[in-house]
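Since the structure comes first, as structure tokens, the remarks are kept for the end.
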Amino acid sequence: MISKNHISQRFISYVTIDTESDPNSETTPSTPKQWDLANILVEELITIGMHDVTIDDNAYIMATLPSNVDHEVPIIGFISHFDTSPDFTGTNVKPQIIENYDGNDIVLNAEENIILSPDYFEDLLLYKGQTLITTDGTTLLGADDKAGICEIVSAMEYLIQNPQIKHGTIKVGFTPDEEIGRGAHKFDVKKFAADWAYTMDGSQIGELEYENFNAAGAIIKVKGKIVHPGYAKGKMINSMYYASEFINALPKEEVPEHTQSYEGFFHLYQINGKVEHTQLEYIVRDHDKNKFEARKLLMAKIVNDLNTKYGSVIFELELKDQYYNMKEKVEPVMHIVDIAEEAMKQLGITPLIKPIRGGTDGSQLSYMGLPCPNIFAGGHNFHGRYEYIPVESMIKATEVICKIAELTALKH
Ligand SMILES: [Zn+2]
């Protein structure tokens, strides 16, 4: 069995190292401090007995656990990221361990009166009687995604120490900069050489995800004409009013705050405006490929119609696809989801299969030739001071990794 103490200590040794990433940096990793943990992980992978442990110039770590069976088994991989979100500080993380959680409020910080309460975060009640790791209220925790790293390392260690569990070749990949959308783009899929992989980067125990949004970014530039307001009649074009016409031409209900599950949206997240020039910035999201294309066409049509209406090119649209729904790449190899689902069921975990209203590194990797569903890592309330993780969920995630390895060898 995987010991609670052992896995907690490992997790804490990771989260107390600051690895916050920075979207404004051009380098990979985006912050030099990510090397601090990366170098430790390399040492640890060697220490537990992994083979071919490598780290490249961009801090991407890979390692191999050789097969211990004679027959041919597909090569599977497990991936997670060691950076933490720039949304909230990751400096000086001081984890607190709450044993045998009683279901009441948890005082994260008495001085600043920061309370983690089930009145607000009702998921806490799922973990009554379990051991929770929380923050001290002043930082994020970094369970996203150091829990994933901890579970992968612990699973590899367990498989090495328990050779009676039969498995094929297992690959491990740890990346920087996932939180700023750059975890996958320098991932060497060819070098990794797995048939498929799983990111251990989901939240609640049981989560298993292989559908995500198709995503695009749109910028609408609106040209105006500035003239002295006193002499503006028939001459001034106020780009801000024209921009609002564009905004109002989009369907009002198809926005993040009115949609859920498989419903897509247009999300206006920034406006910069003056009389002469206004810029609207949108993200466009939809699970369905056809609806996604229709959304982009609708934006182009509105721009066209408005330009025609005003008889000149006032509106310009720039559209850029960002990532696609991995479902298209995973469905042809659905057995990789089935194996994960069966692994969970055998371990008494209820699989929670639902579409992600976002993207994952796995969606990009899937389009780079490595089909890659996402599995829970166990944490809640990512990217903020209320982040917490039950140790029991980390142990279950570790067991899921071992079980997937076992089932993959058994079925081939
Ligand atoms: Zn993550």
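Identifiers in this document derive from the order of the structure tokens: chains are assigned A, B, ..., residues are numbered from 1 separately in each chain, and ligands are numbered from 1 in order of occurrence.
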
Closest-contact table, stretch 282-394 of chain A side, partner stretch 235-257 of chain A, 9 Å, counting only C-alpha atoms, as CSV:
residue,atom,partner,partner_atom,distance
A:Leu298,CA,A:Leu250,CA,8.2
A:Met299,CA,A:Leu250,CA,7.8
A:Ile302,CA,A:Phe246,CA,7.0
A:Val303,CA,A:Phe246,CA,7.4
A:Leu306,CA,A:Phe246,CA,7.9
A:Ile314,CA,A:Ser239,CA,8.3
A:Phe315,CA,A:Ala243,CA,8.3

Taking only stretch 137-308 of chain A into account, list the residues labelled helix (DSSP H, G or I) by DSSP (computed from the backbone), as a ChimeraX atom specification.
/A:143-161,178-180,189-192,229-231,239-249,256-258,289-308

Selected residues, C-alpha atoms, written as a PDB file, in the first residue's frame, please.
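Written output follows (again-v7.pdb):
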ATOM      1  CA  ALA A 143      -1.755  20.920  -6.119  1.00  0.00           C
ATOM      2  CA  ASP A 144      -2.314  22.025  -9.729  1.00  0.00           C
ATOM      3  CA  ASP A 145      -0.278  20.267 -10.784  1.00  0.00           C
ATOM      4  CA  LYS A 146       2.328  19.140  -8.275  1.00  0.00           C
ATOM      5  CA  ALA A 147      -0.230  16.593  -7.087  1.00  0.00           C
ATOM      6  CA  GLY A 148      -0.033  15.065 -10.567  1.00  0.00           C
ATOM      7  CA  ILE A 149       3.759  14.947 -10.394  1.00  0.00           C
ATOM      8  CA  CYS A 150       3.636  13.463  -6.902  1.00  0.00           C
ATOM      9  CA  GLU A 151       1.193  10.755  -8.015  1.00  0.00           C
ATOM     10  CA  ILE A 152       3.221   9.822 -11.081  1.00  0.00           C
ATOM     11  CA  VAL A 153       6.498   9.633  -9.141  1.00  0.00           C
ATOM     12  CA  SER A 154       4.800   7.646  -6.363  1.00  0.00           C
ATOM     13  CA  ALA A 155       3.216   5.245  -8.870  1.00  0.00           C
ATOM     14  CA  MET A 156       6.549   4.636 -10.613  1.00  0.00           C
ATOM     15  CA  GLU A 157       8.209   4.036  -7.254  1.00  0.00           C
ATOM     16  CA  TYR A 158       5.458   1.608  -6.301  1.00  0.00           C
ATOM     17  CA  LEU A 159       5.743  -0.329  -9.562  1.00  0.00           C
ATOM     18  CA  ILE A 160       9.534  -0.525  -9.192  1.00  0.00           C
ATOM     19  CA  GLN A 161       9.195  -1.825  -5.633  1.00  0.00           C
ATOM     20  CA  GLU A 178       1.329  24.777 -18.681  1.00  0.00           C
ATOM     21  CA  GLU A 179      -0.463  27.540 -16.794  1.00  0.00           C
ATOM     22  CA  ILE A 180       0.507  30.118 -19.409  1.00  0.00           C
ATOM     23  CA  VAL A 189       6.276  13.830 -28.830  1.00  0.00           C
ATOM     24  CA  LYS A 190       8.649  11.832 -31.019  1.00  0.00           C
ATOM     25  CA  LYS A 191      11.246  11.488 -28.279  1.00  0.00           C
ATOM     26  CA  PHE A 192       8.551  10.576 -25.745  1.00  0.00           C
ATOM     27  CA  PRO A 229     -16.620  68.045 -31.295  1.00  0.00           C
ATOM     28  CA  GLY A 230     -17.866  71.554 -32.010  1.00  0.00           C
ATOM     29  CA  TYR A 231     -17.518  71.070 -35.744  1.00  0.00           C
ATOM     30  CA  SER A 239     -15.438  54.088 -33.197  1.00  0.00           C
ATOM     31  CA  MET A 240     -16.760  53.239 -29.718  1.00  0.00           C
ATOM     32  CA  TYR A 241     -20.399  53.520 -30.822  1.00  0.00           C
ATOM     33  CA  TYR A 242     -19.668  51.438 -33.893  1.00  0.00           C
ATOM     34  CA  ALA A 243     -17.936  48.835 -31.717  1.00  0.00           C
ATOM     35  CA  SER A 244     -20.999  48.606 -29.513  1.00  0.00           C
ATOM     36  CA  GLU A 245     -23.034  47.851 -32.612  1.00  0.00           C
ATOM     37  CA  PHE A 246     -20.820  44.852 -33.233  1.00  0.00           C
ATOM     38  CA  ILE A 247     -21.142  43.724 -29.608  1.00  0.00           C
ATOM     39  CA  ASN A 248     -24.935  43.944 -29.776  1.00  0.00           C
ATOM     40  CA  ALA A 249     -25.096  41.989 -33.024  1.00  0.00           C
ATOM     41  CA  PRO A 256     -19.877  32.326 -20.381  1.00  0.00           C
ATOM     42  CA  GLU A 257     -22.224  33.557 -17.664  1.00  0.00           C
ATOM     43  CA  HIS A 258     -25.276  32.048 -19.410  1.00  0.00           C
ATOM     44  CA  LYS A 289     -16.563  21.573 -34.577  1.00  0.00           C
ATOM     45  CA  ASN A 290     -19.378  22.708 -36.907  1.00  0.00           C
ATOM     46  CA  LYS A 291     -20.835  25.099 -34.358  1.00  0.00           C
ATOM     47  CA  PHE A 292     -17.334  26.407 -33.717  1.00  0.00           C
ATOM     48  CA  GLU A 293     -16.873  27.153 -37.417  1.00  0.00           C
ATOM     49  CA  ALA A 294     -20.347  28.727 -37.526  1.00  0.00           C
ATOM     50  CA  ARG A 295     -19.403  31.053 -34.669  1.00  0.00           C
ATOM     51  CA  LYS A 296     -16.362  32.300 -36.525  1.00  0.00           C
ATOM     52  CA  LEU A 297     -18.412  32.741 -39.708  1.00  0.00           C
ATOM     53  CA  LEU A 298     -21.020  34.721 -37.798  1.00  0.00           C
ATOM     54  CA  MET A 299     -18.368  37.168 -36.584  1.00  0.00           C
ATOM     55  CA  ALA A 300     -17.077  37.574 -40.141  1.00  0.00           C
ATOM     56  CA  LYS A 301     -20.623  38.110 -41.439  1.00  0.00           C
ATOM     57  CA  ILE A 302     -21.406  40.803 -38.880  1.00  0.00           C
ATOM     58  CA  VAL A 303     -18.196  42.619 -39.786  1.00  0.00           C
ATOM     59  CA  ASN A 304     -19.066  42.366 -43.466  1.00  0.00           C
ATOM     60  CA  ASP A 305     -22.636  43.519 -42.986  1.00  0.00           C
ATOM     61  CA  LEU A 306     -21.570  46.521 -40.916  1.00  0.00           C
ATOM     62  CA  ASN A 307     -18.927  47.543 -43.427  1.00  0.00           C
ATOM     63  CA  THR A 308     -21.524  47.294 -46.197  1.00  0.00           C
TER      64      THR A 308
END

Given 10 Å and only C-alpha atoms and all ligand atoms, residues near ligand 1 as a PyMOL selection string:
chain A and resi 80-85+142-148+177-179+183+199-203+360-361+377+379+382-383

Running DSSP on the backbone, which parts of stretch 54-224 of chain A land in strand (DSSP E), as a PyMOL selection string?
chain A and resi 54-55+61-65+76-81+96-98+106-109+114-116+132-134+170-175+196-202+207-209+214-223

Could you turn the residues from that selection into a file that holds N, CA and C atoms, as a short mmCIF file (atom, residue, chain, number, x, y, z; two decimals), in the first residue's frame?
data_model
loop_
_atom_site.label_atom_id
_atom_site.label_comp_id
_atom_site.auth_asym_id
_atom_site.auth_seq_id
_atom_site.Cartn_x
_atom_site.Cartn_y
_atom_site.Cartn_z
N THR A 54 15.93 12.26 -18.55
CA THR A 54 16.54 13.38 -19.29
C THR A 54 15.81 14.67 -18.97
N ILE A 55 16.56 15.78 -19.09
CA ILE A 55 15.95 17.10 -19.01
C ILE A 55 16.57 17.92 -20.14
N ILE A 61 11.14 17.29 -18.75
CA ILE A 61 11.73 16.09 -18.15
C ILE A 61 11.04 14.86 -18.72
N MET A 62 11.85 13.86 -19.08
CA MET A 62 11.28 12.59 -19.51
C MET A 62 12.03 11.45 -18.82
N ALA A 63 11.30 10.34 -18.61
CA ALA A 63 11.93 9.17 -18.00
C ALA A 63 11.16 7.93 -18.42
N THR A 64 11.81 6.79 -18.28
CA THR A 64 11.21 5.53 -18.74
C THR A 64 11.24 4.50 -17.62
N LEU A 65 10.12 3.79 -17.48
CA LEU A 65 10.10 2.59 -16.65
C LEU A 65 10.02 1.41 -17.62
N ILE A 76 2.70 3.42 -22.82
CA ILE A 76 1.81 4.49 -22.36
C ILE A 76 2.60 5.51 -21.54
N GLY A 77 2.07 6.72 -21.49
CA GLY A 77 2.76 7.79 -20.78
C GLY A 77 1.86 8.49 -19.77
N PHE A 78 2.49 9.12 -18.79
CA PHE A 78 1.79 9.95 -17.81
C PHE A 78 2.50 11.29 -17.73
N ILE A 79 1.69 12.37 -17.80
CA ILE A 79 2.26 13.71 -17.95
C ILE A 79 1.65 14.66 -16.93
N SER A 80 2.47 15.53 -16.36
CA SER A 80 1.93 16.64 -15.57
C SER A 80 2.89 17.82 -15.64
N HIS A 81 2.44 18.96 -15.08
CA HIS A 81 3.26 20.18 -15.18
C HIS A 81 3.68 20.64 -13.80
N GLN A 96 -0.80 23.31 5.35
CA GLN A 96 -1.29 22.84 6.65
C GLN A 96 -1.97 21.49 6.43
N ILE A 97 -1.74 20.60 7.38
CA ILE A 97 -2.35 19.27 7.28
C ILE A 97 -3.49 19.18 8.28
N ILE A 98 -4.69 18.90 7.76
CA ILE A 98 -5.85 18.74 8.65
C ILE A 98 -6.23 17.26 8.64
N ILE A 106 -12.58 25.55 8.21
CA ILE A 106 -11.16 25.42 8.46
C ILE A 106 -10.58 26.83 8.47
N VAL A 107 -9.97 27.21 9.58
CA VAL A 107 -9.35 28.53 9.66
C VAL A 107 -7.98 28.43 8.98
N LEU A 108 -7.87 29.06 7.81
CA LEU A 108 -6.60 29.02 7.10
C LEU A 108 -5.64 30.02 7.72
N ASN A 109 -6.22 31.17 8.12
CA ASN A 109 -5.37 32.23 8.64
C ASN A 109 -6.17 33.05 9.64
N ILE A 114 -9.13 34.32 7.30
CA ILE A 114 -9.39 33.61 6.03
C ILE A 114 -9.85 32.20 6.35
N ILE A 115 -11.10 31.92 5.96
CA ILE A 115 -11.75 30.66 6.34
C ILE A 115 -12.07 29.84 5.10
N LEU A 116 -11.75 28.56 5.14
CA LEU A 116 -12.18 27.63 4.10
C LEU A 116 -13.42 26.92 4.64
N LEU A 132 -6.80 16.47 4.84
CA LEU A 132 -6.71 17.52 3.83
C LEU A 132 -5.40 18.28 3.96
N ILE A 133 -4.86 18.68 2.82
CA ILE A 133 -3.73 19.61 2.83
C ILE A 133 -4.24 20.93 2.26
N THR A 134 -4.08 22.00 3.02
CA THR A 134 -4.57 23.34 2.63
C THR A 134 -3.40 24.32 2.62
N ILE A 170 6.58 2.23 -19.56
CA ILE A 170 5.84 3.42 -19.14
C ILE A 170 6.75 4.64 -19.29
N LYS A 171 6.19 5.68 -19.89
CA LYS A 171 6.93 6.94 -20.04
C LYS A 171 6.36 7.98 -19.09
N VAL A 172 7.25 8.81 -18.59
CA VAL A 172 6.85 9.89 -17.69
C VAL A 172 7.31 11.21 -18.30
N GLY A 173 6.44 12.22 -18.31
CA GLY A 173 6.82 13.53 -18.84
C GLY A 173 6.37 14.66 -17.92
N PHE A 174 7.31 15.51 -17.52
CA PHE A 174 6.97 16.67 -16.68
C PHE A 174 7.32 17.94 -17.45
N THR A 175 6.36 18.90 -17.50
CA THR A 175 6.58 20.09 -18.32
C THR A 175 6.52 21.38 -17.50
N TRP A 196 0.09 6.31 -26.41
CA TRP A 196 -0.87 7.30 -25.89
C TRP A 196 -0.42 7.68 -24.49
N ALA A 197 -1.07 8.71 -23.93
CA ALA A 197 -0.68 9.15 -22.59
C ALA A 197 -1.89 9.73 -21.87
N TYR A 198 -1.68 10.03 -20.60
CA TYR A 198 -2.72 10.70 -19.79
C TYR A 198 -2.06 11.88 -19.09
N THR A 199 -2.73 13.04 -19.10
CA THR A 199 -2.29 14.10 -18.20
C THR A 199 -2.98 13.85 -16.86
N MET A 200 -2.22 13.94 -15.79
CA MET A 200 -2.79 13.83 -14.44
C MET A 200 -3.00 15.27 -13.97
N ASP A 201 -4.07 15.89 -14.45
CA ASP A 201 -4.22 17.33 -14.21
C ASP A 201 -5.67 17.73 -14.00
N GLY A 202 -6.52 16.75 -13.65
CA GLY A 202 -7.91 17.07 -13.37
C GLY A 202 -8.08 17.41 -11.91
N GLU A 207 -12.61 12.23 -11.90
CA GLU A 207 -12.67 12.96 -13.17
C GLU A 207 -11.85 12.28 -14.25
N LEU A 208 -12.49 12.17 -15.43
CA LEU A 208 -11.84 11.58 -16.59
C LEU A 208 -12.37 12.35 -17.79
N GLU A 209 -11.49 12.99 -18.51
CA GLU A 209 -11.94 13.93 -19.53
C GLU A 209 -11.25 13.68 -20.86
N ASN A 214 -13.21 23.58 -28.72
CA ASN A 214 -12.46 24.15 -29.83
C ASN A 214 -12.34 25.63 -29.49
N ALA A 215 -11.17 26.19 -29.73
CA ALA A 215 -10.95 27.54 -29.23
C ALA A 215 -10.31 28.44 -30.27
N ALA A 216 -10.82 29.68 -30.34
CA ALA A 216 -10.21 30.69 -31.19
C ALA A 216 -10.19 32.02 -30.45
N GLY A 217 -9.29 32.88 -30.85
CA GLY A 217 -9.26 34.24 -30.35
C GLY A 217 -9.63 35.19 -31.49
N ALA A 218 -10.41 36.22 -31.18
CA ALA A 218 -10.82 37.18 -32.22
C ALA A 218 -10.52 38.60 -31.77
N ILE A 219 -9.95 39.37 -32.67
CA ILE A 219 -9.74 40.80 -32.40
C ILE A 219 -10.51 41.58 -33.45
N ILE A 220 -11.34 42.51 -33.01
CA ILE A 220 -12.08 43.36 -33.94
C ILE A 220 -11.56 44.78 -33.79
N LYS A 221 -11.00 45.29 -34.88
CA LYS A 221 -10.49 46.67 -34.87
C LYS A 221 -11.49 47.58 -35.56
N VAL A 222 -11.86 48.64 -34.88
CA VAL A 222 -12.86 49.55 -35.42
C VAL A 222 -12.22 50.92 -35.62
N LYS A 223 -12.31 51.42 -36.85
CA LYS A 223 -11.69 52.71 -37.19
C LYS A 223 -12.69 53.83 -37.06
#

Gap from atom CA of A:Phe266 to atom CA of A:Ser312 - Å, one decimal
25.5 Å

Spatial neighbours of A:Gln260, max dist 12 Å, only C-alpha atoms, sep filter under 4 positions, as a count of residues only
15

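Of the listed residues (A:Asn92, A:Tyr386, A:Thr278, A:Ala405), A:Tyr386 comes nearest to A:Asp105; the distances count only C-alpha atoms.
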
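Across A:Lys320, A:His167, A:Lys329, A:His267, the tightest approach to A:Lys403 is made by A:His167 when counting only C-alpha atoms.
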
Can you tell me, as a PyMOL selection string, what residues are no more than 7 Å from A:Gln364 when counting only C-alpha atoms, ignoring any on the same chain fewer than 3 positions away?
chain A and resi 184+323+361+367-368

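Counting from atom CA of A:Asn374, the distance to atom CA of A:Gly206 is 10.7 Å.
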